[in-house]
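Chemist: Quick one, start.cif (mmCIF, C-alpha atoms and all ligand atoms):
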```cif
data_query
#
loop_
_atom_site.label_atom_id
_atom_site.label_comp_id
_atom_site.auth_asym_id
_atom_site.auth_seq_id
_atom_site.Cartn_x
_atom_site.Cartn_y
_atom_site.Cartn_z
CA VAL A 977 28.67 15.43 3.71
CA THR A 978 28.32 11.71 4.45
CA THR A 979 29.26 9.35 1.63
CA THR A 980 28.13 5.74 1.46
CA TYR A 981 29.28 3.15 -1.04
CA LEU A 982 26.71 0.43 -1.75
CA ARG A 983 28.40 -2.53 -3.41
CA GLY A 984 27.56 -6.15 -4.11
CA ILE A 985 24.33 -5.22 -5.94
CA GLY A 986 23.48 -8.35 -7.96
CA ARG A 987 20.96 -6.55 -10.14
CA LEU A 988 20.41 -2.79 -10.20
CA VAL A 989 17.21 -1.63 -11.92
CA THR A 990 18.25 1.90 -12.87
CA GLY A 991 15.18 2.89 -14.91
CA SER A 992 17.51 4.94 -17.11
CA PRO A 993 18.79 3.99 -20.59
CA GLY A 994 21.45 1.88 -18.86
CA GLY A 995 18.64 -0.48 -17.95
CA VAL A 996 19.45 -3.24 -15.49
CA LEU A 997 23.08 -3.46 -14.39
CA SER A 998 24.55 -6.68 -13.03
CA ASP A 999 27.20 -6.64 -10.29
CA ALA A 1000 26.79 -2.94 -9.72
CA ALA A 1001 27.66 -0.33 -7.11
CA VAL A 1002 26.24 3.06 -6.14
CA LEU A 1003 28.06 5.90 -4.42
CA ILE A 1004 25.83 8.17 -2.33
CA SER A 1005 26.98 11.65 -1.33
CA GLY A 1006 24.70 13.40 1.12
CA GLU A 1007 21.12 12.87 -0.04
CA ARG A 1008 21.99 12.30 -3.69
CA ILE A 1009 23.40 9.59 -5.91
CA ALA A 1010 26.93 10.58 -6.93
CA TRP A 1011 28.00 7.67 -9.09
CA VAL A 1012 26.61 4.44 -10.55
CA GLY A 1013 28.73 1.76 -12.15
CA PRO A 1014 30.26 -1.72 -12.04
CA ASP A 1015 31.26 -3.13 -8.68
CA ARG A 1016 35.02 -3.54 -8.74
CA GLY A 1017 35.30 -3.99 -5.00
CA ASP A 1018 36.78 -0.59 -4.26
CA PRO A 1019 34.99 2.73 -4.62
CA PRO A 1020 35.57 4.44 -7.98
CA SER A 1021 38.82 6.35 -8.34
CA GLY A 1022 38.59 10.10 -8.17
CA TRP A 1023 36.19 10.05 -5.19
CA PRO A 1024 37.22 10.53 -1.58
CA ARG A 1025 37.14 7.43 0.62
CA PRO A 1026 33.47 6.83 1.59
CA ASP A 1027 32.40 7.05 5.22
CA ALA A 1028 30.74 3.66 4.93
CA VAL A 1029 30.96 0.68 2.58
CA VAL A 1030 27.89 -1.59 2.58
CA ASP A 1031 27.91 -4.97 0.81
CA LEU A 1032 24.40 -5.89 -0.33
CA GLY A 1033 25.26 -9.54 -0.90
CA GLY A 1034 24.18 -9.86 -4.54
CA GLY A 1035 20.63 -8.60 -3.97
CA LEU A 1036 18.20 -6.69 -6.15
CA VAL A 1037 18.11 -2.87 -5.87
CA THR A 1038 15.58 -0.50 -7.45
CA PRO A 1039 14.74 3.17 -7.05
CA GLY A 1040 12.37 3.79 -4.15
CA LEU A 1041 8.83 3.11 -5.34
CA VAL A 1042 6.39 5.97 -5.98
CA ASP A 1043 2.71 5.64 -5.05
CA ALA A 1044 0.94 8.20 -7.22
CA HIS A 1045 -2.61 7.93 -5.80
CA THR A 1046 -3.67 7.68 -2.14
CA HIS A 1047 -6.40 9.00 0.18
CA PRO A 1048 -4.77 8.67 3.63
CA VAL A 1049 -6.47 11.50 5.58
CA TYR A 1050 -9.47 9.81 7.19
CA ALA A 1051 -10.74 8.50 10.49
CA GLY A 1052 -12.68 5.33 11.24
CA ASN A 1053 -13.22 2.35 8.99
CA ARG A 1054 -15.99 0.77 6.93
CA PHE A 1055 -15.20 -2.91 7.49
CA ALA A 1056 -18.79 -3.88 8.36
CA GLU A 1057 -20.01 -2.17 5.22
CA LEU A 1058 -17.46 -4.08 3.13
CA ALA A 1059 -18.76 -7.34 4.58
CA GLN A 1060 -22.33 -6.31 3.69
CA ARG A 1061 -21.28 -5.37 0.16
CA SER A 1062 -19.65 -8.77 -0.24
CA GLU A 1063 -23.04 -10.28 0.60
CA GLY A 1064 -24.77 -8.29 -2.12
CA ALA A 1065 -25.78 -4.95 -0.57
CA THR A 1066 -25.40 -2.11 -3.08
CA TYR A 1067 -23.44 1.07 -2.43
CA GLU A 1068 -26.69 3.05 -2.76
CA GLN A 1069 -28.40 0.91 -0.08
CA LEU A 1070 -25.47 1.29 2.30
CA ALA A 1071 -25.20 5.03 1.68
CA ALA A 1072 -28.94 5.39 2.40
CA ALA A 1073 -28.35 3.53 5.70
CA GLY A 1074 -25.68 6.04 6.75
CA GLY A 1075 -22.67 4.25 5.26
CA GLY A 1076 -20.59 5.09 2.23
CA ILE A 1077 -18.31 8.09 1.97
CA GLY A 1078 -20.73 10.05 4.17
CA SER A 1079 -19.80 7.92 7.18
CA THR A 1080 -16.09 8.55 6.61
CA VAL A 1081 -16.74 12.28 6.26
CA ALA A 1082 -18.62 12.29 9.58
CA ALA A 1083 -15.89 10.30 11.35
CA THR A 1084 -13.11 12.46 9.91
CA ARG A 1085 -14.82 15.74 10.78
CA GLY A 1086 -15.37 14.43 14.32
CA ALA A 1087 -11.80 13.26 14.91
CA PRO A 1088 -9.64 15.46 17.18
CA ALA A 1089 -6.88 17.07 15.08
CA ALA A 1090 -4.01 15.48 17.02
CA ALA A 1091 -5.56 12.00 16.82
CA LEU A 1092 -6.17 12.36 13.10
CA ALA A 1093 -2.59 13.55 12.56
CA ASP A 1094 -1.24 10.61 14.52
CA ASP A 1095 -3.41 8.15 12.56
CA VAL A 1096 -2.26 9.58 9.24
CA ALA A 1097 1.41 9.54 10.25
CA ARG A 1098 1.15 5.96 11.51
CA ARG A 1099 -0.58 4.96 8.29
CA LEU A 1100 1.99 6.63 6.02
CA SER A 1101 4.95 5.09 7.84
CA GLN A 1102 3.85 1.72 6.42
CA TRP A 1103 4.61 2.86 2.88
CA LEU A 1104 8.21 3.71 3.65
CA ARG A 1105 8.88 0.42 5.45
CA SER A 1106 7.58 -1.48 2.44
CA GLY A 1107 9.85 0.33 -0.02
CA THR A 1108 7.76 3.29 -1.18
CA THR A 1109 9.75 6.48 -0.69
CA THR A 1110 7.30 8.95 -2.31
CA VAL A 1111 3.55 9.01 -1.78
CA GLU A 1112 0.97 11.28 -3.36
CA ALA A 1113 -1.59 12.03 -0.62
CA LYS A 1114 -5.01 13.59 -1.13
CA THR A 1115 -7.37 15.44 1.17
CA GLY A 1116 -11.09 14.91 0.58
CA TYR A 1117 -12.90 13.56 3.65
CA HIS A 1118 -13.72 16.85 5.34
CA LEU A 1119 -15.43 18.64 2.44
CA THR A 1120 -15.51 21.96 4.27
CA ARG A 1121 -13.22 24.91 3.64
CA GLN A 1122 -11.57 24.76 7.07
CA GLY A 1123 -11.37 20.97 7.15
CA GLU A 1124 -9.87 20.64 3.69
CA LEU A 1125 -7.32 23.39 4.34
CA ASP A 1126 -6.41 21.79 7.69
CA ALA A 1127 -5.92 18.47 5.87
CA VAL A 1128 -3.56 20.19 3.42
CA ARG A 1129 -1.65 21.67 6.37
CA LEU A 1130 -1.52 18.29 8.08
CA LEU A 1131 0.00 16.66 5.00
CA ALA A 1132 2.36 19.57 4.37
CA GLY A 1133 3.44 19.29 7.99
CA LEU A 1134 4.07 15.57 7.65
CA ALA A 1135 6.05 16.35 4.51
CA GLY A 1136 8.35 18.42 6.71
CA ARG A 1137 7.58 21.66 4.96
CA THR A 1138 6.86 23.51 8.16
CA GLY A 1139 10.17 22.42 9.68
CA ASN A 1140 13.48 20.88 8.78
CA SER A 1141 12.76 17.27 9.54
CA ASP A 1142 11.00 14.38 7.87
CA VAL A 1143 10.61 12.63 11.18
CA VAL A 1144 7.37 13.16 13.00
CA ARG A 1145 6.79 12.78 16.71
CA ALA A 1146 3.83 10.61 17.54
CA GLY A 1147 0.86 12.84 18.30
CA GLY A 1148 2.79 15.94 17.39
CA ALA A 1149 2.02 16.15 13.70
CA GLY A 1150 -0.16 18.71 12.01
CA ALA A 1151 -0.28 22.43 11.97
CA ALA A 1152 0.76 22.72 15.59
CA GLY A 1153 3.60 20.30 16.01
CA ALA A 1154 5.18 18.81 12.91
CA GLY A 1155 7.80 21.48 12.53
CA ALA A 1156 8.96 21.05 16.08
CA ALA A 1157 9.89 17.39 15.66
CA GLY A 1158 13.59 16.66 15.85
CA THR A 1159 15.46 13.54 14.87
CA GLY A 1160 16.40 10.43 16.76
CA GLN A 1161 13.94 10.63 19.62
CA ALA A 1162 11.85 7.73 20.79
CA GLY A 1163 8.35 7.48 19.39
CA GLN A 1164 9.18 9.13 16.12
CA ARG A 1165 8.17 7.79 12.80
CA ARG A 1166 9.93 7.79 9.50
CA LEU A 1167 7.66 8.91 6.71
CA PRO A 1168 7.94 8.82 2.93
CA ARG A 1169 8.23 12.00 0.92
CA LEU A 1170 4.77 13.40 0.25
CA ALA A 1171 3.16 15.16 -2.69
CA VAL A 1172 0.07 16.95 -1.36
CA THR A 1173 -3.13 17.03 -3.41
CA PHE A 1174 -6.16 19.19 -2.59
CA LEU A 1175 -9.28 17.10 -3.29
CA ALA A 1176 -12.12 19.16 -1.86
CA ALA A 1177 -14.11 18.09 -4.94
CA HIS A 1178 -14.09 14.45 -3.87
CA ALA A 1179 -17.85 14.25 -3.26
CA VAL A 1180 -20.74 16.62 -2.62
CA PRO A 1181 -20.97 17.16 1.17
CA PRO A 1182 -24.32 16.83 2.98
CA GLU A 1183 -24.58 20.61 3.36
CA PHE A 1184 -24.67 20.92 -0.44
CA GLU A 1185 -26.87 17.92 -1.23
CA GLY A 1186 -28.57 18.48 -4.58
CA ARG A 1187 -26.38 21.54 -5.27
CA PRO A 1188 -23.17 20.15 -6.83
CA ASP A 1189 -22.70 23.30 -8.97
CA ASP A 1190 -22.62 25.43 -5.83
CA TYR A 1191 -20.18 23.12 -4.07
CA ALA A 1192 -17.85 22.98 -7.10
CA ALA A 1193 -17.85 26.78 -7.19
CA GLU A 1194 -16.99 26.84 -3.46
CA ALA A 1195 -14.18 24.30 -3.86
CA ALA A 1196 -12.80 26.39 -6.73
CA ARG A 1197 -12.70 29.44 -4.44
CA TRP A 1198 -10.61 27.52 -1.88
CA CYS A 1199 -7.80 26.69 -4.33
CA PRO A 1200 -5.58 29.74 -3.68
CA GLU A 1201 -5.70 29.06 0.07
CA ALA A 1202 -4.92 25.39 -0.54
CA ALA A 1203 -1.87 26.39 -2.57
CA ALA A 1204 -0.76 28.76 0.20
CA ALA A 1205 -1.26 25.98 2.77
CA GLY A 1206 1.16 23.69 0.93
CA ALA A 1207 -0.80 21.80 -1.72
CA ASP A 1208 1.10 20.77 -4.84
CA ALA A 1209 -1.89 19.72 -6.90
CA CYS A 1210 -5.64 19.96 -7.23
CA ASP A 1211 -7.82 16.95 -8.07
CA VAL A 1212 -11.51 16.38 -8.87
CA PHE A 1213 -13.61 13.21 -8.84
CA CYS A 1214 -15.04 13.68 -12.33
CA ASP A 1215 -17.34 10.72 -12.84
CA ARG A 1216 -20.91 9.50 -12.94
CA GLY A 1217 -22.61 10.35 -9.65
CA TYR A 1218 -19.82 12.73 -8.57
CA PHE A 1219 -18.82 15.84 -10.53
CA THR A 1220 -19.60 16.59 -14.17
CA VAL A 1221 -17.01 17.75 -16.68
CA ALA A 1222 -18.36 21.31 -16.35
CA GLN A 1223 -18.09 21.24 -12.55
CA ALA A 1224 -14.64 19.65 -12.72
CA ARG A 1225 -13.52 22.33 -15.18
CA THR A 1226 -14.60 25.03 -12.71
CA VAL A 1227 -12.43 23.56 -9.95
CA LEU A 1228 -9.45 22.61 -12.11
CA THR A 1229 -9.16 25.96 -13.89
CA ALA A 1230 -9.18 27.64 -10.47
CA GLY A 1231 -6.53 25.20 -9.27
CA ARG A 1232 -4.37 25.89 -12.29
CA ALA A 1233 -4.74 29.66 -11.79
CA ALA A 1234 -3.58 29.13 -8.19
CA GLY A 1235 -0.42 27.44 -9.44
CA LEU A 1236 -1.46 23.89 -8.59
CA ARG A 1237 -0.73 20.92 -10.84
CA LEU A 1238 -3.87 19.16 -11.98
CA ARG A 1239 -4.92 15.55 -11.41
CA VAL A 1240 -8.26 14.06 -12.40
CA HIS A 1241 -10.19 11.00 -11.22
CA ALA A 1242 -11.26 10.22 -14.76
CA ASP A 1243 -13.53 7.73 -16.53
CA GLU A 1244 -13.45 5.19 -13.72
CA LEU A 1245 -17.14 4.31 -13.18
CA ALA A 1246 -18.32 5.54 -16.58
CA ARG A 1247 -16.80 7.36 -19.55
CA THR A 1248 -17.95 10.90 -18.79
CA GLY A 1249 -15.08 12.85 -20.34
CA GLY A 1250 -12.56 13.23 -17.51
CA ALA A 1251 -9.58 12.13 -19.59
CA LEU A 1252 -10.41 14.52 -22.42
CA LEU A 1253 -10.82 17.33 -19.86
CA GLY A 1254 -7.45 16.47 -18.31
CA ALA A 1255 -5.84 16.54 -21.74
CA GLU A 1256 -7.52 19.86 -22.59
CA LEU A 1257 -6.32 21.48 -19.35
CA GLY A 1258 -2.81 20.02 -19.43
CA ALA A 1259 -3.22 17.93 -16.29
CA ALA A 1260 -0.19 16.19 -14.82
CA SER A 1261 -2.17 12.96 -14.51
CA CYS A 1262 -5.51 11.37 -15.25
CA ASP A 1263 -6.21 8.48 -12.92
CA HIS A 1264 -8.11 5.16 -12.96
CA LEU A 1265 -9.31 5.31 -16.62
CA LEU A 1266 -11.16 1.97 -16.42
CA CYS A 1267 -13.51 3.11 -19.20
CA ALA A 1268 -10.93 5.01 -21.29
CA THR A 1269 -10.95 4.51 -25.05
CA GLU A 1270 -8.58 4.82 -27.97
CA ASP A 1271 -9.57 8.49 -28.33
CA ASP A 1272 -8.75 9.11 -24.68
CA ALA A 1273 -5.37 7.39 -25.03
CA ARG A 1274 -4.47 9.52 -28.04
CA ALA A 1275 -5.56 12.73 -26.32
CA LEU A 1276 -3.57 11.95 -23.16
CA ALA A 1277 -0.48 11.07 -25.21
CA ALA A 1278 -0.72 14.22 -27.32
CA ALA A 1279 -1.08 16.41 -24.23
CA GLY A 1280 1.69 14.67 -22.29
CA VAL A 1281 -0.66 13.66 -19.48
CA ALA A 1282 0.42 10.65 -17.41
CA ALA A 1283 -2.07 7.86 -16.65
CA THR A 1284 -2.05 6.73 -13.03
CA LEU A 1285 -3.57 3.26 -12.84
CA CYS A 1286 -4.76 1.60 -9.63
CA PRO A 1287 -5.05 -2.14 -10.20
CA GLY A 1288 -6.09 -2.84 -6.59
CA THR A 1289 -9.36 -0.94 -6.81
CA ALA A 1290 -9.82 -1.95 -10.46
CA LEU A 1291 -9.91 -5.52 -9.13
CA SER A 1292 -12.73 -4.71 -6.72
CA LEU A 1293 -14.70 -3.01 -9.53
CA GLY A 1294 -14.20 -6.01 -11.80
CA ARG A 1295 -12.80 -4.04 -14.72
CA ASN A 1296 -9.24 -3.20 -15.75
CA PRO A 1297 -7.97 -0.02 -17.41
CA PRO A 1298 -6.55 -0.44 -20.94
CA ALA A 1299 -2.95 -0.25 -19.72
CA ARG A 1300 -1.27 -1.66 -22.79
CA LEU A 1301 -3.32 0.49 -25.17
CA LEU A 1302 -2.33 3.58 -23.18
CA ALA A 1303 1.34 2.57 -23.22
CA GLU A 1304 1.29 1.72 -26.92
CA ARG A 1305 -0.16 5.15 -27.73
CA GLY A 1306 2.72 6.75 -25.84
CA VAL A 1307 1.11 7.63 -22.50
CA THR A 1308 3.45 7.53 -19.49
CA LEU A 1309 2.03 5.06 -16.97
CA ALA A 1310 2.16 5.51 -13.21
CA LEU A 1311 0.74 3.26 -10.50
CA GLY A 1312 -1.06 3.86 -7.24
CA THR A 1313 -2.46 1.85 -4.36
CA ASP A 1314 -5.60 4.06 -4.27
CA HIS A 1315 -5.50 3.49 -0.50
CA ASN A 1316 -8.85 4.76 0.85
CA PRO A 1317 -11.16 3.88 3.75
CA GLY A 1318 -14.06 2.63 1.65
CA THR A 1319 -12.63 0.09 -0.73
CA CYS A 1320 -8.89 -0.51 -0.43
CA GLY A 1321 -6.40 -0.63 2.42
CA LEU A 1322 -3.39 -1.42 0.24
CA THR A 1323 -0.14 0.22 1.31
CA SER A 1324 2.25 -2.06 -0.59
CA MET A 1325 3.37 -0.81 -3.98
CA SER A 1326 5.30 -4.04 -4.53
CA LEU A 1327 1.92 -5.81 -4.44
CA VAL A 1328 0.56 -3.22 -6.88
CA VAL A 1329 3.46 -4.04 -9.22
CA ALA A 1330 2.40 -7.71 -9.16
CA LEU A 1331 -1.23 -6.73 -9.85
CA ALA A 1332 -0.06 -4.56 -12.76
CA VAL A 1333 1.75 -7.54 -14.23
CA HIS A 1334 -1.00 -10.12 -13.75
CA GLY A 1335 -4.08 -7.88 -13.94
CA LEU A 1336 -3.08 -5.17 -16.40
CA GLY A 1337 -0.80 -7.26 -18.63
CA LEU A 1338 2.34 -5.18 -18.14
CA SER A 1339 5.82 -6.68 -18.22
CA VAL A 1340 7.71 -6.64 -14.93
CA GLY A 1341 10.01 -3.99 -16.38
CA ALA A 1342 7.10 -1.81 -17.50
CA ALA A 1343 5.31 -2.21 -14.18
CA LEU A 1344 8.46 -1.28 -12.24
CA ALA A 1345 9.03 1.73 -14.51
CA ALA A 1346 5.45 2.85 -13.84
CA ALA A 1347 6.00 2.37 -10.09
CA THR A 1348 9.16 4.52 -10.12
CA ALA A 1349 9.96 6.94 -12.96
CA GLY A 1350 6.36 6.97 -14.20
CA GLY A 1351 5.07 7.93 -10.79
CA ALA A 1352 7.68 10.66 -10.45
CA ARG A 1353 6.70 11.97 -13.87
CA SER A 1354 3.01 11.98 -12.98
CA LEU A 1355 3.86 14.09 -9.92
CA GLY A 1356 6.07 16.48 -11.91
CA LEU A 1357 9.12 15.47 -9.83
CA ALA A 1358 12.30 15.20 -11.90
CA ASP A 1359 14.61 14.46 -8.95
CA ARG A 1360 13.65 10.83 -8.33
CA GLY A 1361 12.43 7.57 -9.85
CA LEU A 1362 15.73 6.55 -11.46
CA VAL A 1363 19.10 5.40 -10.17
CA GLN A 1364 21.20 8.05 -11.82
CA PRO A 1365 23.88 10.53 -10.63
CA GLY A 1366 22.36 13.75 -9.37
CA LEU A 1367 19.03 12.26 -8.33
CA LEU A 1368 17.85 11.65 -4.77
CA ALA A 1369 19.35 8.55 -3.16
CA ASP A 1370 15.98 6.87 -2.56
CA LEU A 1371 16.83 3.18 -2.95
CA VAL A 1372 15.45 -0.19 -1.93
CA LEU A 1373 17.18 -3.55 -1.48
CA TRP A 1374 14.56 -6.25 -2.02
CA ASP A 1375 14.35 -9.73 -0.57
CA ALA A 1376 15.27 -11.27 -3.95
CA ASP A 1377 18.07 -11.37 -6.51
CA HIS A 1378 15.96 -10.70 -9.62
CA GLU A 1379 13.11 -8.27 -10.41
CA GLY A 1380 10.98 -11.16 -11.68
CA ALA A 1381 10.33 -11.83 -7.99
CA PHE A 1382 7.83 -8.93 -7.98
CA ALA A 1383 5.53 -10.97 -10.24
CA TRP A 1384 5.86 -14.00 -7.99
CA ALA A 1385 5.74 -12.64 -4.47
CA TYR A 1386 2.54 -10.53 -4.58
CA GLY A 1387 4.06 -8.17 -2.10
CA LEU A 1388 7.83 -8.62 -2.34
CA ALA A 1389 9.41 -7.53 0.94
CA ALA A 1390 11.81 -4.63 1.17
CA ALA A 1391 14.94 -5.75 3.01
CA ARG A 1392 16.56 -2.30 3.39
CA VAL A 1393 15.34 1.18 2.43
CA TRP A 1394 17.32 4.39 1.94
CA LYS A 1395 15.60 7.75 1.75
CA GLY A 1396 17.86 10.62 0.76
CA GLY A 1397 20.90 8.43 1.47
CA VAL A 1398 19.77 7.67 5.03
CA GLU A 1399 18.88 4.08 5.81
CA ILE A 1400 15.48 3.65 7.45
CA ASP A 1401 15.70 1.36 10.44
CA GLY A 1402 13.13 -1.42 10.80
ZN ZN A 1501 -8.91 8.21 -5.70
#
```
Written as structure tokens, how would this file's structure read?

Modeler:
Amino acid sequence: VTTTYLRGIGRLVTGSPGGVLSDAAVLISGERIAWVGPDRGDPPSGWPRPDAVVDLGGGLVTPGLVDAHTHPVYAGNRFAELAQRSEGATYEQLAAAGGGIGSTVAATRGAPAAALADDVARRLSQWLRSGTTTVEAKTGYHLTRQGELDAVRLLAGLAGRTGNSDVVRAGGAGAAGAGAAGTGQAGQRRLPRLAVTFLAAHAVPPEFEGRPDDYAAEAARWCPEAAAAGADACDVFCDRGYFTVAQARTVLTAGRAAGLRLRVHADELARTGGALLGAELGAASCDHLLCATEDDARALAAAGVAATLCPGTALSLGRNPPARLLAERGVTLALGTDHNPGTCGLTSMSLVVALAVHGLGLSVGAALAAATAGGARSLGLADRGLVQPGLLADLVLWDADHEGAFAWAYGLAAARVWKGGVEIDG
């Protein structure tokens, strides 16, 4: 087992009751944190001499950030459409002209599997480099049984679940090749840890136009196979113009029966009841919540459902979720980039932390907690999100000496990143 002693940490945001430690040190043993305490120069007594001692020069260290909401499995882009929207075209007009989610579905279905896998791996590597060590990743741009299950397998493969490595060879990801990737070879990419979410109920596909009930019933039938293919969770876009509460309930109860955790795109475009449904079904997280009310906040708190807020896409919709109300009622907050091909290419959770401070009115400490422990909680992962003995050694040294820099930098740079005790190079 390799042990590494990180010393010279000017400020250590632990996320645990210890809070922020000044002049701290962390001992890593294998992939886990073994010890956290004051930096007295030498490693703590009682531990064997570490294999490496690294002086971090008085910098700021936090747990690796957690992005609790992304849509990374897609091909193509919609840049021209975004330009048209900025000039006043409506989503309905663009969708009628062949744009909108339908164009992404067509591009994604048409992409060769290896090319799609390579695109997704290249995309996800950006999160890790910018200090995000865990990413929740959804399917949802195939909208066919085979396509959605293949997307689950692609993500599960990138998560290393079909092999023993988290390093993916360029072009070799996906059902065929991810497990074969070794470590240390040229052309490989370091990826964050992934939580895989099955989102077949993202939109009604063209084959089911006008028959959303039928498509929801189909998506519900696919849940056991999605679980077998490696999905951790099941999600539904429950909102005006997408799926109703009744349709969402059909899919989510099937997902729950298949052993999947539940996540809900809830009350984003209109208050249609997604948050109350998530609370009723014991979802792990309800997301977006731009239109959530006091009643929703109380229901989520009572049911222990986390609220995953996405201030980047809230900005483009011109409305913010009631973050402080949710927090004051006792709801655990998480944050996400909501990276997706149609509206938001964000991959930087440190930028999302700044948006949570300035857009949602959270303190820096609360925003960082939501971007670490809150995200882990929303994903049902108890092994990360804090700097605490026994947890995974996912750590980031930032280009700053105080966490207030997140509110200033709008995208604070990660100087060094450790995933499972292993430093990620450049
Ligand atoms: Zn989403």

Chemist: Counting only C-alpha atoms and all ligand atoms, what residues are within 10 Å of ligand ZN 1501 (chain A), given as a PDB file with C-alpha atoms, in the coordinates of the input?

Modeler:
```pdb
ATOM      1  CA  ALA A1044       0.940   8.200  -7.220  1.00  0.00           C
ATOM      2  CA  HIS A1045      -2.610   7.930  -5.800  1.00  0.00           C
ATOM      3  CA  THR A1046      -3.670   7.680  -2.140  1.00  0.00           C
ATOM      4  CA  HIS A1047      -6.400   9.000   0.180  1.00  0.00           C
ATOM      5  CA  ALA A1113      -1.590  12.030  -0.620  1.00  0.00           C
ATOM      6  CA  LYS A1114      -5.010  13.590  -1.130  1.00  0.00           C
ATOM      7  CA  GLY A1116     -11.090  14.910   0.580  1.00  0.00           C
ATOM      8  CA  LEU A1175      -9.280  17.100  -3.290  1.00  0.00           C
ATOM      9  CA  HIS A1178     -14.090  14.450  -3.870  1.00  0.00           C
ATOM     10  CA  ASP A1211      -7.820  16.950  -8.070  1.00  0.00           C
ATOM     11  CA  VAL A1212     -11.510  16.380  -8.870  1.00  0.00           C
ATOM     12  CA  PHE A1213     -13.610  13.210  -8.840  1.00  0.00           C
ATOM     13  CA  VAL A1240      -8.260  14.060 -12.400  1.00  0.00           C
ATOM     14  CA  HIS A1241     -10.190  11.000 -11.220  1.00  0.00           C
ATOM     15  CA  ALA A1242     -11.260  10.220 -14.760  1.00  0.00           C
ATOM     16  CA  GLU A1244     -13.450   5.190 -13.720  1.00  0.00           C
ATOM     17  CA  ASP A1263      -6.210   8.480 -12.920  1.00  0.00           C
ATOM     18  CA  HIS A1264      -8.110   5.160 -12.960  1.00  0.00           C
ATOM     19  CA  CYS A1286      -4.760   1.600  -9.630  1.00  0.00           C
ATOM     20  CA  THR A1289      -9.360  -0.940  -6.810  1.00  0.00           C
ATOM     21  CA  GLY A1312      -1.060   3.860  -7.240  1.00  0.00           C
ATOM     22  CA  THR A1313      -2.460   1.850  -4.360  1.00  0.00           C
ATOM     23  CA  ASP A1314      -5.600   4.060  -4.270  1.00  0.00           C
ATOM     24  CA  HIS A1315      -5.500   3.490  -0.500  1.00  0.00           C
ATOM     25  CA  ASN A1316      -8.850   4.760   0.850  1.00  0.00           C
TER      26      ASN A1316
END
```

Chemist: I need the residue nearest Ser1106 (chain A) from this list: A:Gly1361, A:Gly1288, A:Arg1016, A:Gly1040. Use only C-alpha atoms for the distance.

Modeler: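 Checking each of A:Gly1361, A:Gly1288, A:Arg1016, A:Gly1040 against Ser1106 (chain A), counting only C-alpha atoms, the winner is A:Gly1040.
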
Chemist: What does the distance between CA of Gly995 (chain A) and CA of Ala1349 (chain A) come to in Å, to one decimal place?

Modeler: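 Computing the Euclidean distance for CA of Gly995 (chain A) and CA of Ala1349 (chain A) yields 12.5 Å.
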
Chemist: Could you work out an axis-aligned box for region 999-1014 of chain A, taking every atom the file lists and adding 5 Å on each side, and report centre and edge lengths in Å to one decimal, as lines of an AutoDock Vina configuration file?

Modeler:
```
center_x = 25.7
center_y = 3.4
center_z = -5.5
size_x = 19.1
size_y = 30.0
size_z = 23.3
```

Chemist: Closest to Tyr1067 (chain A) among A:Gly1217, A:Pro1088, A:Gly1397, A:Gly1133, using all atoms listed in the file?

Modeler: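 Counting all atoms listed in the file, the residue closest to Tyr1067 (chain A) is A:Gly1217.
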
Chemist: Env of Leu1301 (chain A): 12 Å cut, atoms = all atoms listed in the file, seq-sep filter 6 positions within chain, self excluded. Answer as a PyMOL selection string.

Modeler: chain A and resi 1265-1266+1268-1274+1276-1277+1283+1307-1309+1336-1338

Chemist: Just give me the gap between CA of Gly1107 (chain A) and CA of Leu1302 (chain A) in Å, one decimal is fine.

Modeler: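 Those two atoms sit 26.4 Å apart.
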
Chemist: So, with only C-alpha atoms as the atoms that count, which of A:Ala1332, A:Ala1132, A:Ala1195, A:Val1372 lies closest to Val989 (chain A)?

Modeler: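 Selected residue with least distance to Val989 (chain A): A:Val1372.
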
Chemist: If we count all atoms listed in the file, what is near Ala1000 (chain A) at a cut-off of 9 Å, once residues fewer than 5 positions away on the same chain are taken out, given as an NGL selection string?

Modeler: :A and (982-988 or 1012-1016)

Chemist: For CA of Pro1168 (chain A) and CA of Ala1083 (chain A), determine how far apart the two atoms are, in Å to one decimal place.

Modeler: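 Answer for the CA of Pro1168 (chain A) to CA of Ala1083 (chain A) separation: 25.3 Å.
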
Chemist: Neighbours of Ser992 (chain A) within 10 Å (only C-alpha atoms; same-chain residues fewer than 4 positions away dropped), as number ranges by chain?

Modeler: A: 996, 1345, 1349, 1361-1364

Chemist: Rank A:Ala1390, A:Ala1207, A:Leu1245, A:Cys1199 by their smallest atom-to-atom distance to Thr1226 (chain A), using only C-alpha atoms, and report the top residue only.

Modeler: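 When distances to Thr1226 (chain A) are compared using only C-alpha atoms, the smallest one comes from A:Cys1199.
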
Chemist: Which residues are close to Leu1125 (chain A), i.e. within 8 Å by all atoms listed in the file, leaving aside same-chain residues fewer than 2 positions away? Reply as a VMD selection string.

Modeler: chain A and resid 1121 to 1123 1127 to 1129 1201 to 1202 1205

Chemist: Go ahead and write the residues just picked, C-alpha atoms, as a compact mmCIF listing (two decimals), in the frame of the given file.

Modeler:
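Writing the result to selection_13.txt gives the following:
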```
# COMPACT_ATOMS: atom_id res chain seq x y z
CA ARG A 1121 -13.22 24.91 3.64
CA GLN A 1122 -11.57 24.76 7.07
CA GLY A 1123 -11.37 20.97 7.15
CA ALA A 1127 -5.92 18.47 5.87
CA VAL A 1128 -3.56 20.19 3.42
CA ARG A 1129 -1.65 21.67 6.37
CA GLU A 1201 -5.70 29.06 0.07
CA ALA A 1202 -4.92 25.39 -0.54
CA ALA A 1205 -1.26 25.98 2.77
```
